[in-house]
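Undergrad: Before we start, here is the structure in question, set down as structure tokens.
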Amino acid sequence: MPAAETYPDDLRYHPEHDWARIEGEEAVLGITWFAQDSLGELVHYEPPAVGATIAKDEPYGEVESVKAVSDVIAPLSGEVLAVNERVVAEPEIVNEDPYGEGWLVRIRMADPGEAETLMDADAYRAHVAEQ
Amino acid sequence: MEATLERTPLYARHLALGARMVPFAGWEMPVSYEGVIAEHRAVRTDCGVFDVSHMGELHVEGPTAHAFLQGLLSNDLDRVGDGQAQYTLLTNERGGIVDDLIVYRLRAGQYLLVVNAANRETVYGWLKEREPRGCEVRDASAEYALLAVQGPRSLERLGLPPRPAFTHELGELDGIEVLISRTGYTGEPGVELCCAAEDAEALWDAVLARGAVPCGLGARDTLRLEVCYPLHGADITPDTDAISAGLGWACALGKEFTGVEVLRRIRAEGPARRLVPFVMEEKAIPRRGMPIAGGGEVTSGTHSPMLDRGIGLGYVPAASAAPGSELTIDVRGRPRRARVVEKPIYRKEE
């Protein structure tokens with residue numbers, strides 16, 4: 001079942017519709033409810049390699065629906081520690097649970113200060129309302 | 001300035017159902033309601049309904065209509081009797097495909113052409129320019145709505161008897177007068193229902209009340225691709241010929257029509273490239289325009305909901321066209337393996 005529209009308060013948001021959950025020096029990244037809803041049912045996730053370096057505001061992977069492909073933009077810079085292999089096998093998990101089981105990568109942040117440049121949930125909700 | 005998009009008589013119904021609307025061939029059309037995959041499965045297992053009122057309907061009538069169309073269309077119109085229909089191509093002097101369409105013989109000297117939305121004006125202009133004495137071409141697209149009701153349970157749900165494919169008859173569905181055609185674009189049993197534009201909402205409501213699932217253009221594309229029906233503007237164009245596209249079966253090369261000499265030559269020499277169906281052997285979704293190693297190109301690609309893998313159609317050198325041939329597709333810089341398969345890509349297990 002598709003998830004209901006939510007933007008959890010404990011996450012930080014990038015304007016390209018990506019979220020980050022900061023956990024000490026690490027962060028978990030994914031795409032927002034708005035992003036998955038715009039794409040429709042996901043059928044493919046092309047992840048980065050574990051160990052790869054990703055850069056804030058740059059694409060680090062791709063997600064595809066039946067109709068379209070979309071770059072996933074990194075909200076933060078860092079080194080990829082883990083890729084969600086369950087989403088590689090069953091991409092529709094992102095539609096069902098975009099902030100939980102549908103996470104995309106875990107990284108070690110290169111510059112924890114970058115998190116300050118991201119939006120909080122209220123600012124992101126306002127950003128979505130303008131789309 | 002953005003051009004104004006046209007809307008079918010069912011526009012308000014689509015919005016009321018919460019459809020995601022997209023521009024398509026100059027029309028604002030539903031791409032999906034609940035979701036492409038659910039709609040696709042509904043058509044493969046039960047019954048779905050598509051609003052295809054954006055397609056064009058051209059009447060060609062008069063004592064010379066038959067000879068006129070026989071000289072322009074690739075298939076043999078002599079084989080089409082009253083109450084029958086035929087898949088055919090409008091070809092140009094180079095043997096290219098101006099449009100693929102279905103011609104209905106209503107009665108002697110009265111034909112109805114159902115053409116692609118994107119090509120309606122081109123086809124109308126093409127015919128009008130060449131219209132001979134004793135024949136009139138008329139664009140009646142605005143007068144009609146067209147619903148495709150498709151799926152293994154569609155006849156049962158509509159209460160219609162089985163009939164041979166490519167036949168049509170005037171009839172009635174829940175009190176609404178319709179032209180019922182045994183045609184479609186999904187590979188499933190079903191009908192296309194043509195009614196007066198003012199009856200469109202009543203017909204749509206009647207079909208939904210009988211249990212058909214509303215389906216958008218997204219599922220229409222995945223369904224047709226699984227059964228390898230070409231899409232004009234993607235797989236076939238004015239620059240591709242019918243023989244290379246595998247549509248030689250719709251070309252009566254023994255008769256005279258526009259571009260037939262070119263097609264005879266290609267048939268005799270063998271095409272340099274062929275349009276082939278393929279299935280991805282690695283996780284990746286092919287998309288239109290992706291290069292195929294060795295000098296080919298993907299013309300249509302998607303994720304097959306039934307096979308749960310990437311599938312597509314593309315032109316490849318004739319030497320790589322046999323089923324079983326391995327292809328390498330450039331998926332945004334990543335080489336991904338695919339294999340040429342027999343048509344159709346998806347076949348129901350009996």
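Starting from 1 in every chain, residues are counted up; chains themselves are A, B, ... following the order of the structure tokens, and ligands are numbered from 1 as listed.
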Can you list every residue of region 50-125 of chain A that has an atom at most 9 Å from region 281-291 of chain B, with its nearest atom pair and the distance in Å to one decimal, using only C-alpha atoms, ordered by chain then number, as JSON lines?

TA:
{"residue": "A:Glu64", "atom": "CA", "partner": "B:Ile285", "partner_atom": "CA", "distance": 8.0}
{"residue": "A:Val66", "atom": "CA", "partner": "B:Ile285", "partner_atom": "CA", "distance": 8.6}
{"residue": "A:Ala68", "atom": "CA", "partner": "B:Arg287", "partner_atom": "CA", "distance": 8.7}
{"residue": "A:Val69", "atom": "CA", "partner": "B:Ile285", "partner_atom": "CA", "distance": 8.9}

Undergrad: Can I get the selected residues back with C-alpha atoms, as a compact mmCIF listing (two decimals), in the first residue's frame?

TA:
# COMPACT_ATOMS: atom_id res chain seq x y z
CA GLU A 64 12.96 4.50 -11.87
CA VAL A 66 7.53 2.42 -15.10
CA ALA A 68 10.54 7.67 -15.85
CA VAL A 69 14.04 7.66 -14.43

Undergrad: Please identify all polymer residues within 6 Å of Pro323 (chain B), counting only C-alpha atoms, omitting same-chain residues fewer than 6 positions from it, and present them as number ranges by chain.

TA: B: 340-342

Undergrad: Calculate how many Å separate CA of Gly218 (chain B) from CA of Gly190 (chain B), rounding to one decimal.

TA: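 Between CA of Gly218 (chain B) and CA of Gly190 (chain B) the gap is 18.5 Å.
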
Undergrad: Report as a VMD selection string all protein, DNA and RNA residues lying within 8 Å of Gly56 (chain B), evaluated on only C-alpha atoms, omitting residues in the same chain fewer than 2 positions from it.

TA: chain B and resid 53 to 54 58 113 to 117 120 139 to 141

Undergrad: Those selected residues, please, written with C-alpha atoms and delivered as a short mmCIF file (atom, residue, chain, number, x, y, z; two decimals), in the first residue's frame.

TA:
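File produced: out-v1.cif:
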data_model
loop_
_atom_site.label_atom_id
_atom_site.label_comp_id
_atom_site.auth_asym_id
_atom_site.auth_seq_id
_atom_site.Cartn_x
_atom_site.Cartn_y
_atom_site.Cartn_z
CA SER B 53 -11.08 9.52 -27.43
CA HIS B 54 -7.96 11.48 -28.39
CA LEU B 58 -11.80 10.14 -40.41
CA LEU B 113 -10.18 5.38 -40.42
CA VAL B 114 -9.11 5.41 -36.75
CA VAL B 115 -5.74 7.16 -36.65
CA ASN B 116 -3.20 8.12 -34.00
CA ALA B 117 -3.94 11.37 -32.16
CA ARG B 120 -4.64 13.14 -37.12
CA ASP B 139 -12.48 14.65 -39.94
CA ALA B 140 -15.21 13.57 -37.51
CA SER B 141 -12.92 13.20 -34.48
#

Undergrad: Determine which residues of chain A sit within 12 Å of chain B, taking into account only C-alpha atoms, and present them as a compact mmCIF listing (two decimals) with C-alpha atoms, in the first residue's frame.

TA:
# COMPACT_ATOMS: atom_id res chain seq x y z
CA MET A 1 0.00 0.00 0.00
CA PRO A 2 1.31 3.50 -0.78
CA ASP A 37 4.52 10.14 -5.24
CA SER A 38 5.67 12.22 -8.22
CA LEU A 39 7.52 9.23 -9.70
CA GLY A 40 4.84 6.62 -9.06
CA GLU A 41 5.57 2.98 -8.24
CA LEU A 42 9.31 2.42 -8.24
CA VAL A 43 10.56 -0.56 -10.22
CA HIS A 44 14.33 -0.03 -10.18
CA TYR A 45 16.97 1.38 -7.82
CA GLU A 46 20.50 1.82 -9.16
CA PRO A 47 22.59 2.32 -6.01
CA GLY A 61 22.03 6.94 -7.66
CA GLU A 62 18.92 6.53 -9.79
CA VAL A 63 15.37 5.48 -9.10
CA GLU A 64 12.96 4.50 -11.87
CA SER A 65 9.23 4.11 -12.17
CA VAL A 66 7.53 2.42 -15.10
CA LYS A 67 7.43 5.76 -16.90
CA ALA A 68 10.54 7.67 -15.85
CA VAL A 69 14.04 7.66 -14.43
CA SER A 70 15.21 10.16 -11.83
CA ASP A 71 18.60 10.97 -10.34
CA VAL A 88 17.45 -3.00 -4.85
CA ALA A 89 15.44 -6.24 -4.81
CA GLU A 90 12.03 -4.67 -4.08
CA PRO A 91 12.05 -0.96 -5.03
CA GLU A 92 8.33 -0.59 -4.20
CA ASN A 95 6.59 3.83 -1.99
